[in-house]
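Okay, structure first, notes after.
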Amino acid sequence: MKVFGPVLAALVAILVLASSTLFTVDQRQNAIVFQLGEVKDVVTRPGLYFKWPLLQNVRHFDMRILTFDDAEPLR
């Protein structure tokens, strides 16, 4: 029974690490993968992708047309 605690903690740690390696890109989005602050890849196709946790982070950008209605016309 004393082994159950550390095994459970290791299993939870592995699951958290595994879930942070995946990211999805929606069909209405583009994603930019940064590695240590520099652009590593630009993902334009929808799907499930992998990244290195703690080394890479992902920013999603909406690619739909967004309009802005201004009360005053542009000159």
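Each chain in the structure tokens gets a letter, A, B, ..., in the order shown, and its residues are numbered from 1; ligands are numbered from 1 in order too.
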
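Around Tyr49 (chain A), within 12 Å and counting only C-alpha atoms, the residues found are Ser19, Ser20, Thr21, Leu22, Phe23, Thr24, Val25, Asp26, Ala31, Ile32, Val33, Asp41, Val42, Val43 and Val58 of chain A, once anything fewer than 6 positions away on its own chain is removed.
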
Let's have the selection written as a PDB file, in the first residue's frame, with C-alpha atoms.
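Saved the output as result-v9.pdb:
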ATOM      1  CA  SER A  19      -1.507  16.451 -22.445  1.00  0.00           C
ATOM      2  CA  SER A  20       0.746  19.498 -22.748  1.00  0.00           C
ATOM      3  CA  THR A  21       2.466  18.054 -25.837  1.00  0.00           C
ATOM      4  CA  LEU A  22      -0.675  18.257 -27.996  1.00  0.00           C
ATOM      5  CA  PHE A  23      -2.430  21.222 -29.560  1.00  0.00           C
ATOM      6  CA  THR A  24      -5.195  21.570 -32.129  1.00  0.00           C
ATOM      7  CA  VAL A  25      -5.702  24.028 -34.939  1.00  0.00           C
ATOM      8  CA  ASP A  26      -9.271  24.791 -35.967  1.00  0.00           C
ATOM      9  CA  ALA A  31      -1.194  28.851 -35.207  1.00  0.00           C
ATOM     10  CA  ILE A  32       2.346  30.050 -34.683  1.00  0.00           C
ATOM     11  CA  VAL A  33       4.701  27.763 -32.764  1.00  0.00           C
ATOM     12  CA  ASP A  41       6.632  27.015 -37.455  1.00  0.00           C
ATOM     13  CA  VAL A  42       3.397  28.465 -38.823  1.00  0.00           C
ATOM     14  CA  VAL A  43       0.543  25.949 -38.930  1.00  0.00           C
ATOM     15  CA  VAL A  58       1.580  28.110 -29.401  1.00  0.00           C
TER      16      VAL A  58
END

Mind checking DSSP for chain A and telling me the helix (DSSP H, G or I) residues as a PDB file with N, CA and C atoms, in the first residue's frame?
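Contents of states_6.pdb, as written:
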ATOM      1  N   PHE A   4       1.586   2.699  -3.548  1.00  0.00           N
ATOM      2  CA  PHE A   4       0.477   3.234  -4.336  1.00  0.00           C
ATOM      3  C   PHE A   4       0.559   4.753  -4.498  1.00  0.00           C
ATOM      4  N   GLY A   5       0.955   5.480  -3.487  1.00  0.00           N
ATOM      5  CA  GLY A   5       1.033   6.949  -3.540  1.00  0.00           C
ATOM      6  C   GLY A   5       2.029   7.467  -4.567  1.00  0.00           C
ATOM      7  N   PRO A   6       3.287   7.026  -4.524  1.00  0.00           N
ATOM      8  CA  PRO A   6       4.258   7.488  -5.518  1.00  0.00           C
ATOM      9  C   PRO A   6       3.916   7.053  -6.946  1.00  0.00           C
ATOM     10  N   VAL A   7       3.344   5.876  -7.097  1.00  0.00           N
ATOM     11  CA  VAL A   7       2.956   5.402  -8.425  1.00  0.00           C
ATOM     12  C   VAL A   7       1.831   6.272  -8.975  1.00  0.00           C
ATOM     13  N   LEU A   8       0.868   6.603  -8.138  1.00  0.00           N
ATOM     14  CA  LEU A   8      -0.228   7.467  -8.564  1.00  0.00           C
ATOM     15  C   LEU A   8       0.283   8.859  -8.916  1.00  0.00           C
ATOM     16  N   ALA A   9       1.198   9.393  -8.142  1.00  0.00           N
ATOM     17  CA  ALA A   9       1.766  10.714  -8.420  1.00  0.00           C
ATOM     18  C   ALA A   9       2.550  10.709  -9.735  1.00  0.00           C
ATOM     19  N   ALA A  10       3.291   9.654  -9.989  1.00  0.00           N
ATOM     20  CA  ALA A  10       4.040   9.541 -11.243  1.00  0.00           C
ATOM     21  C   ALA A  10       3.091   9.426 -12.435  1.00  0.00           C
ATOM     22  N   LEU A  11       2.019   8.684 -12.276  1.00  0.00           N
ATOM     23  CA  LEU A  11       1.036   8.535 -13.343  1.00  0.00           C
ATOM     24  C   LEU A  11       0.366   9.866 -13.663  1.00  0.00           C
ATOM     25  N   VAL A  12       0.012  10.622 -12.649  1.00  0.00           N
ATOM     26  CA  VAL A  12      -0.600  11.947 -12.862  1.00  0.00           C
ATOM     27  C   VAL A  12       0.398  12.877 -13.546  1.00  0.00           C
ATOM     28  N   ALA A  13       1.661  12.846 -13.142  1.00  0.00           N
ATOM     29  CA  ALA A  13       2.684  13.692 -13.759  1.00  0.00           C
ATOM     30  C   ALA A  13       2.868  13.336 -15.234  1.00  0.00           C
ATOM     31  N   ILE A  14       2.852  12.060 -15.551  1.00  0.00           N
ATOM     32  CA  ILE A  14       2.991  11.623 -16.946  1.00  0.00           C
ATOM     33  C   ILE A  14       1.792  12.072 -17.769  1.00  0.00           C
ATOM     34  N   LEU A  15       0.591  11.980 -17.228  1.00  0.00           N
ATOM     35  CA  LEU A  15      -0.607  12.411 -17.955  1.00  0.00           C
ATOM     36  C   LEU A  15      -0.612  13.919 -18.203  1.00  0.00           C
ATOM     37  N   VAL A  16      -0.187  14.699 -17.221  1.00  0.00           N
ATOM     38  CA  VAL A  16      -0.128  16.151 -17.398  1.00  0.00           C
ATOM     39  C   VAL A  16       0.901  16.514 -18.455  1.00  0.00           C
ATOM     40  N   LEU A  17       2.059  15.874 -18.431  1.00  0.00           N
ATOM     41  CA  LEU A  17       3.093  16.137 -19.426  1.00  0.00           C
ATOM     42  C   LEU A  17       2.644  15.720 -20.821  1.00  0.00           C
ATOM     43  N   ALA A  18       1.964  14.587 -20.934  1.00  0.00           N
ATOM     44  CA  ALA A  18       1.484  14.115 -22.234  1.00  0.00           C
ATOM     45  C   ALA A  18       0.411  15.036 -22.795  1.00  0.00           C
ATOM     46  N   SER A  19      -0.446  15.569 -21.940  1.00  0.00           N
ATOM     47  CA  SER A  19      -1.507  16.451 -22.445  1.00  0.00           C
ATOM     48  C   SER A  19      -0.955  17.802 -22.875  1.00  0.00           C
TER      49      SER A  19
END

Go through chain A and collect every residue that DSSP, computed from the backbone, puts in strand (DSSP E or B); the answer should be as a VMD selection string. chain A and resid 22 to 25 29 to 35 38 to 43 47 to 50 56 to 62

Within 12 Å of Ile65 (chain A), counting only C-alpha atoms, which residues show up once you throw out same-chain ones fewer than 4 positions away? Write them as a ChimeraX atom specification, please. /A:28-29,61
